[in-house]
Structure formats: C-alpha cells, structure tokens
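Enquirer: Below is the file my_file03.txt, with compact mmCIF, C-alpha atoms and all ligand atoms.
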# COMPACT_ATOMS: atom_id res chain seq x y z
CA MET O 1 0.00 0.00 0.00
CA THR O 2 1.29 3.47 -0.86
CA ILE O 3 0.68 6.23 1.65
CA ALA O 4 0.40 9.69 0.08
CA PRO O 5 2.62 12.30 1.79
CA GLN O 6 0.55 14.61 4.00
CA SER O 7 0.61 18.29 3.12
CA PRO O 8 1.88 20.49 5.98
CA PRO O 9 -0.83 22.22 8.02
CA SER O 10 -1.61 25.86 7.20
CA PRO O 11 -0.45 28.56 9.68
CA ARG O 12 -4.03 28.75 11.01
CA ASP O 13 -4.19 24.98 11.60
CA ARG O 14 -0.90 25.05 13.54
CA LEU O 15 -2.43 27.09 16.37
CA ILE O 16 -4.19 24.98 19.01
CA VAL O 17 -6.19 27.06 21.47
CA ALA O 18 -6.43 25.54 24.97
CA LEU O 19 -10.00 25.87 26.25
CA ASP O 20 -9.03 25.96 29.93
CA LEU O 21 -12.38 27.29 31.06
CA PRO O 22 -14.70 26.34 33.93
CA SER O 23 -17.77 25.25 31.99
CA VAL O 24 -18.98 24.02 28.62
CA ALA O 25 -21.04 27.22 28.29
CA ASP O 26 -17.84 29.30 28.67
CA ALA O 27 -16.08 27.08 26.12
CA GLU O 28 -18.96 27.40 23.64
CA ARG O 29 -18.86 31.20 24.01
CA MET O 30 -15.10 31.22 23.38
CA VAL O 31 -15.44 29.02 20.26
CA ASP O 32 -18.18 31.35 18.97
CA GLN O 33 -15.99 34.41 19.63
CA LEU O 34 -13.05 32.84 17.79
CA GLY O 35 -15.24 31.88 14.84
CA ASP O 36 -13.34 30.91 11.70
CA THR O 37 -10.05 32.25 13.08
CA VAL O 38 -9.32 29.06 15.03
CA THR O 39 -9.71 25.50 13.72
CA PHE O 40 -7.98 23.43 16.42
CA TYR O 41 -8.95 23.29 20.10
CA LYS O 42 -7.51 21.59 23.17
CA VAL O 43 -9.78 20.24 25.90
CA GLY O 44 -7.83 19.64 29.09
CA LEU O 45 -8.55 18.44 32.59
CA GLU O 46 -10.52 21.47 33.81
CA LEU O 47 -13.08 21.34 31.01
CA ALA O 48 -13.10 17.52 30.78
CA PHE O 49 -14.16 17.36 34.45
CA ALA O 50 -16.92 19.89 33.73
CA GLY O 51 -18.69 17.81 31.05
CA GLY O 52 -16.15 18.63 28.35
CA LEU O 53 -15.90 15.21 26.69
CA PRO O 54 -19.32 15.26 24.94
CA PHE O 55 -18.53 18.90 24.07
CA ALA O 56 -15.19 17.78 22.55
CA ALA O 57 -16.98 15.12 20.49
CA ALA O 58 -19.48 17.73 19.24
CA LEU O 59 -16.60 20.07 18.36
CA ALA O 60 -14.98 17.29 16.32
CA ARG O 61 -18.29 16.56 14.56
CA SER O 62 -18.55 20.28 13.69
CA GLY O 63 -15.33 19.99 11.67
CA ARG O 64 -12.86 21.41 14.20
CA GLN O 65 -9.79 19.41 15.18
CA VAL O 66 -9.71 18.40 18.83
CA PHE O 67 -6.78 17.68 21.12
CA LEU O 68 -7.77 15.80 24.28
CA ASP O 69 -5.09 16.69 26.80
CA LEU O 70 -5.97 14.02 29.37
CA LYS O 71 -2.36 13.06 30.21
CA LEU O 72 -3.17 9.40 30.90
CA HIS O 73 -0.82 7.47 33.17
CA ASP O 74 -1.84 4.15 34.74
CA ILE O 75 -1.18 0.43 34.41
CA PRO O 76 -1.06 -0.71 30.76
CA THR O 77 -4.49 -2.41 30.67
CA THR O 78 -6.21 0.68 32.04
CA VAL O 79 -4.43 3.01 29.61
CA GLU O 80 -5.17 0.76 26.62
CA ARG O 81 -8.88 0.50 27.48
CA ALA O 82 -9.19 4.22 28.29
CA THR O 83 -7.57 5.07 24.96
CA ARG O 84 -10.10 2.85 23.16
CA GLN O 85 -12.91 4.84 24.75
CA VAL O 86 -11.30 8.17 23.84
CA ALA O 87 -10.76 7.03 20.24
CA ASP O 88 -14.54 6.98 19.77
CA LEU O 89 -14.79 10.73 20.45
CA GLY O 90 -13.27 11.76 17.11
CA ALA O 91 -10.25 13.63 18.51
CA THR O 92 -7.01 14.12 16.58
CA PHE O 93 -4.57 14.09 19.53
CA LEU O 94 -4.56 12.42 22.96
CA THR O 95 -1.80 12.91 25.52
CA VAL O 96 -0.32 10.24 27.77
CA HIS O 97 2.72 10.59 29.99
CA ALA O 98 5.82 9.53 28.07
CA TYR O 99 6.72 6.39 30.00
CA PRO O 100 7.39 3.27 27.90
CA GLN O 101 4.57 1.10 29.32
CA THR O 102 2.04 3.93 29.08
CA LEU O 103 2.97 4.89 25.52
CA ALA O 104 2.88 1.30 24.26
CA ALA O 105 -0.52 0.71 25.87
CA ALA O 106 -2.00 3.88 24.36
CA VAL O 107 -0.65 2.96 20.92
CA ARG O 108 -2.32 -0.46 21.23
CA GLY O 109 -5.55 1.21 22.36
CA ARG O 110 -5.78 3.52 19.38
CA THR O 111 -5.26 0.77 16.78
CA GLY O 112 -7.11 -2.37 15.87
CA HIS O 113 -10.21 -1.46 17.85
CA GLU O 114 -13.33 -3.47 17.09
CA GLY O 115 -16.49 -1.38 16.88
CA ALA O 116 -19.95 -2.49 17.97
CA THR O 117 -20.51 -4.01 14.50
CA GLY O 118 -17.47 -6.25 14.89
CA LEU O 119 -15.69 -4.34 12.10
CA THR O 120 -12.42 -2.58 12.76
CA VAL O 121 -13.13 1.13 13.21
CA PRO O 122 -10.75 3.37 11.26
CA ARG O 123 -8.91 5.67 13.66
CA GLY O 124 -7.55 9.15 13.33
CA LEU O 125 -6.40 9.41 16.93
CA GLN O 126 -2.73 10.25 17.38
CA ILE O 127 -0.89 9.62 20.64
CA LEU O 128 1.36 12.37 22.02
CA GLY O 129 3.83 11.63 24.82
CA VAL O 130 4.21 14.34 27.47
CA THR O 131 7.98 14.48 28.08
CA VAL O 132 8.61 17.09 30.79
CA MET O 133 5.90 19.60 31.63
CA THR O 134 6.71 23.13 30.43
CA SER O 135 6.12 24.43 33.97
CA TYR O 136 9.21 22.47 35.12
CA SER O 137 12.74 23.83 35.27
CA ASP O 138 15.85 21.75 35.98
CA ALA O 139 15.51 22.59 39.68
CA ASP O 140 11.83 21.52 39.75
CA LEU O 141 12.66 18.21 38.06
CA ARG O 142 15.55 17.51 40.42
CA GLU O 143 13.32 18.31 43.40
CA ALA O 144 10.89 15.67 42.07
CA GLY O 145 13.72 13.11 42.07
CA TYR O 146 14.85 13.20 38.42
CA ALA O 147 18.57 13.90 38.68
CA GLU O 148 19.17 14.16 34.90
CA GLY O 149 17.50 17.57 34.51
CA VAL O 150 15.18 18.74 31.71
CA SER O 151 17.34 18.35 28.63
CA LEU O 152 18.41 14.72 29.17
CA THR O 153 15.00 13.66 30.48
CA VAL O 154 13.18 15.13 27.45
CA ALA O 155 15.66 13.40 25.12
CA ARG O 156 15.27 10.04 26.87
CA ARG O 157 11.47 10.23 26.79
CA ALA O 158 11.45 11.38 23.16
CA ARG O 159 13.50 8.35 22.07
CA GLN O 160 11.28 6.03 24.12
CA ALA O 161 8.13 7.58 22.61
CA GLU O 162 9.47 7.04 19.11
CA ALA O 163 10.38 3.43 19.91
CA ALA O 164 6.89 2.80 21.36
CA GLY O 165 5.23 3.98 18.13
CA ALA O 166 3.84 7.27 19.47
CA ASP O 167 2.80 9.88 16.92
CA GLY O 168 4.21 12.95 18.60
CA LEU O 169 5.65 14.66 21.64
CA ILE O 170 4.73 17.43 24.02
CA ILE O 171 7.90 19.40 24.56
CA SER O 172 8.79 23.03 25.07
CA ALA O 173 9.82 24.88 21.91
CA GLU O 174 13.21 25.40 23.60
CA GLU O 175 13.87 21.70 22.95
CA ALA O 176 12.35 21.48 19.45
CA ALA O 177 15.46 21.82 17.29
CA ARG O 178 17.50 19.31 19.30
CA ILE O 179 14.66 16.79 19.61
CA ARG O 180 13.90 17.00 15.88
CA GLY O 181 17.53 16.02 15.28
CA LEU O 182 17.12 13.07 17.65
CA VAL O 183 13.81 11.61 16.53
CA GLY O 184 13.56 12.40 12.84
CA PRO O 185 10.61 13.68 10.85
CA ARG O 186 7.82 11.22 11.75
CA LEU O 187 6.90 12.60 15.18
CA GLN O 188 4.77 15.74 15.52
CA LEU O 189 6.33 18.28 17.88
CA VAL O 190 3.54 19.97 19.83
CA THR O 191 4.65 22.86 22.03
CA PRO O 192 2.82 24.54 24.92
CA GLY O 193 4.58 27.28 26.89
CA ILE O 194 4.05 29.78 24.04
CA ARG O 195 4.11 33.43 25.02
CA PRO O 196 3.79 36.31 22.54
CA ALA O 197 6.32 39.05 23.34
CA GLY O 198 5.17 41.19 26.26
CA THR O 199 2.77 38.60 27.75
CA PRO O 200 3.45 37.18 31.23
CA ASN O 201 4.90 33.68 31.66
CA GLN O 202 2.49 32.90 34.54
CA ASP O 203 3.28 29.33 35.70
CA GLN O 204 5.20 28.42 32.53
CA LYS O 205 9.00 28.15 32.90
CA ARG O 206 10.21 26.99 29.46
CA VAL O 207 8.67 29.48 27.04
CA MET O 208 9.13 30.86 23.53
CA THR O 209 7.35 33.35 21.29
CA PRO O 210 5.20 31.92 18.48
CA GLY O 211 7.67 33.00 15.78
CA ASP O 212 10.71 31.58 17.58
CA ALA O 213 8.87 28.31 18.26
CA ILE O 214 8.07 27.83 14.56
CA ARG O 215 11.64 28.71 13.57
CA ALA O 216 12.88 26.16 16.13
CA GLY O 217 10.86 23.44 14.38
CA ALA O 218 7.60 23.17 16.33
CA ASP O 219 4.76 21.67 14.26
CA TYR O 220 1.90 22.92 16.46
CA LEU O 221 1.70 25.67 19.09
CA VAL O 222 -0.61 25.27 22.09
CA VAL O 223 -1.79 28.61 23.45
CA GLY O 224 -4.26 29.11 26.27
CA ARG O 225 -4.41 32.24 28.40
CA PRO O 226 -2.69 34.61 25.93
CA VAL O 227 -5.78 34.01 23.72
CA THR O 228 -8.62 33.12 26.09
CA ALA O 229 -7.83 35.82 28.66
CA ALA O 230 -7.16 38.53 26.05
CA ALA O 231 -9.55 41.48 25.79
CA ASP O 232 -10.15 40.44 22.16
CA PRO O 233 -9.41 36.69 21.86
CA ALA O 234 -9.95 36.60 18.06
CA ALA O 235 -7.49 39.48 17.56
CA ALA O 236 -4.94 37.74 19.83
CA ALA O 237 -5.33 34.50 17.82
CA ARG O 238 -4.99 36.37 14.51
CA ALA O 239 -1.76 38.02 15.72
CA ILE O 240 -0.31 34.60 16.65
CA ILE O 241 -1.30 33.12 13.29
CA ALA O 242 0.34 36.07 11.52
CA GLU O 243 3.51 35.40 13.51
CA ILE O 244 3.36 31.70 12.57
CA GLN O 245 2.93 32.65 8.90
CA ALA O 246 5.84 35.08 8.96
CA ALA O 247 8.11 32.48 10.54
CA SER O 248 7.05 29.55 8.30
O1 LIG O 301 3.96 20.45 29.30
C1 LIG O 301 2.81 20.91 29.18
C2 LIG O 301 1.72 20.11 28.84
C3 LIG O 301 0.49 20.68 28.69
N1 LIG O 301 0.31 22.01 28.87
C4 LIG O 301 -1.06 22.56 28.67
O2 LIG O 301 -1.01 23.57 27.65
C5 LIG O 301 -1.84 24.67 28.01
C6 LIG O 301 -1.01 25.92 28.09
O3 LIG O 301 -1.83 26.98 28.50
P1 LIG O 301 -1.27 28.49 28.69
O4 LIG O 301 -2.44 29.20 29.25
O5 LIG O 301 -0.90 28.96 27.30
O6 LIG O 301 -0.12 28.44 29.62
C7 LIG O 301 -2.52 24.29 29.31
O7 LIG O 301 -3.79 23.74 28.98
C8 LIG O 301 -1.66 23.19 29.91
O8 LIG O 301 -2.41 22.24 30.62
C9 LIG O 301 1.35 22.80 29.22
O9 LIG O 301 1.23 24.03 29.41
N2 LIG O 301 2.60 22.23 29.34
Starting from the coordinates I provided, produce the structure as structure tokens.
Ligand SMILES: O=c1ccn([C@@H]2O[C@H](COP(=O)(O)O)[C@@H](O)[C@H]2O)c(=O)[nH]1

Expert:
Amino acid sequence: MTIAPQSPPSPRDRLIVALDLPSVADAERMVDQLGDTVTFYKVGLELAFAGGLPFAAALARSGRQVFLDLKLHDIPTTVERATRQVADLGATFLTVHAYPQTLAAAVRGRTGHEGATGLTVPRGLQILGVTVMTSYSDADLREAGYAEGVSLTVARRARQAEAAGADGLIISAEEAARIRGLVGPRLQLVTPGIRPAGTPNQDQKRVMTPGDAIRAGADYLVVGRPVTAAADPAAAARAIIAEIQAAS
C-alpha cells in the first residue's frame, strides 16, 4: 500500500487554542468568539471534568480538530482501554505521559479497535507523549527526584516515545530543534509554553514566542491564556497566526 505524503498544516491549523475554562457554556462562548479564526482546540482536565468530553466530540463533529489533553498514566491495561474509549470521540490528539509502558498501551488502544458491528473502526487518533511539563525547570525536576535535569529527560522520553510507536511529543519549543535532530521527521512536535512578546509567563518556565517556536521546528503551538484571557481573543489569535505565517 502506498501512503500519500501529507501536506503540511496551514499557519491557522498550527495554532491549538487551549480551552481551559470552567464550563462548557464558557467554552462554547469562546469558540463562537473565535469563529473561523481558530480551527484546532484543546480540551484539558478542567473542562473535561466539567462535562467537556461530549462537548469535545461535538466540536470534532462540527469539523474542528480536537486535542484531548488528558495526560493518561496508569497500568497498561487501564491506559489501553481508556484510549479505546477516547478514540470513539473523534479527537485528533490524545496525551499520555511519556513512560514506555504507558505509551505502548495507548498505541495499542488507538489501533485495531473493534467497533460495535465487529468491524475494525478506522482511527484518526494520534498519541502524544508528554515528556517534561513546560512548567518544570531543571531545579523543579531535580526536586521531584529526576537527577538528569530537563534536557536529558526530554531526550530520553522522546526516544522512548518514538520506539513505542507514538505519533508525537509534548515538549517546550526550547527543545524542538534538538529533539527533531534526535527523533527524525515522523513525530509531531507539539509545544505549549508559548508566550507572545510582552505577555506574562504565569506558571510556565520553558517558554518561547510563536515566531521563535516555529523557527525552532515546532509543528503545532498550544496557546491558552494569551488568547482566552485577552480582551479580544480573536485578535490575539490572529496576531499569533500572523507570527506563525511570517516564521514559516
Ligand atoms: O507540558 C505541558 C503540557 C500541557 N500544557 C497545557 O497547555 C496549556 C497551556 O496553557 P497556557 O495558558 O498557554 O499556559 C494548558 O492547557 C496546559 O495544561 C502545558 O502548558 N505544558
């Protein structure tokens, strides 16, 4: 079988807006405000625990791309079965923590699933391994008992994710160029910790501007508060997309 090469996403499709909001009603309002400017949304823990999974499925059915940032981490059977359930929601990306057992289980869960009809259901779900959270510095990681620090830990987890058959990585854009050299072109590099110039870092420690992140080799930028807490979220999103375009 020949697989046609995928065309690279447009600048607009490379921006993933994190809907870290307290209710589905707030999320619906934000999606309405952003209109056609944004095509790709992330539903994380806050919204998922507020009824966000049916909302995410509806968003996917409406033609938007959906990233379920659920950061699964459990014994392999639980992760595999949970991934099977998530695969039915129509999302594009699902995160799991980038540990070898967890990654391998999620990859099994997103493939070869039998639907209610007994036929294998075709899957679009891609598994992203969370390497080291962008809110962690070297000191934070060492305090948590990981003596290697950020750079070596991200590299180790990236190689393990590739070996496990994951589709992509959550890294900070600071690591993108080096990790691309390590893992080759197959894995999608998805980067939170994006801060347009002049916006506060808040709890993020490893940050980059949208333009620098694209130049460093990020495939997708995840942006939450700089868009959702802006006075004009659509204008903030348009400015980021313009920066992505200029840097592409
Ligand atoms: O390492 C990680 C993994 C996930 N995130 C998520 O991305 C967004 C970032 O939101 P901002 O408001 O732009 O800081 C948020 O949903 C995190 O849960 C991350 O930041 N870092």

Enquirer: Set the cut-off to 8 Å, count all atoms listed in the file, and list whatever residues fall near ligand LIG 301 (chain O) as a PyMOL selection string.

Expert: chain O and resi 18-20+42-45+69+130-135+170-172+191-195+201-204+222-228

Enquirer: When you count only C-alpha atoms, which of these residues is closest to O:Asp88: O:Ile75, O:Ala218, O:Ala139, O:Leu125?

Expert: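 Using only C-alpha atoms, O:Asp88 sits closest to O:Leu125.
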
Enquirer: Pick the closest to O:Leu152 from O:Ala216, O:Leu182, O:Ile244, O:Ala173: which is it, counting all atoms listed in the file?

Expert: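 Nearest candidate to O:Leu152 out of O:Ala216, O:Leu182, O:Ile244, O:Ala173: O:Leu182.
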
Enquirer: Can you tell me how far atom CA of O:Arg81 sits from atom CA of O:Tyr99, in Å to one decimal?

Expert: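 That distance, rounded to one decimal, is 16.9 Å.
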
Enquirer: Name all residues at most 12 Å from O:Ala56 (count all atoms listed in the file; drop same-chain ones fewer than 2 positions away) and give them as number ranges by chain.

Expert: O: 18-19, 24, 27-28, 31, 40-44, 47-54, 58-69, 86-94

Enquirer: Give me, as JSON, numbers by chain, all polymer residues having an atom no more than 12 Å from O:Ala82, counting only C-alpha atoms and skipping those fewer than 3 positions away in the same chain.

Expert: {"O": [70, 71, 72, 73, 74, 75, 76, 77, 78, 79, 85, 86, 87, 88, 89, 94, 95, 96, 102, 105, 106, 107, 108, 109, 110, 113]}

Enquirer: To one decimal place in Å, what is the distance between atom CA of O:Glu174 and atom CA of O:Ala147?

Expert: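 So the two atoms, atom CA of O:Glu174 and atom CA of O:Ala147, lie 19.7 Å apart.
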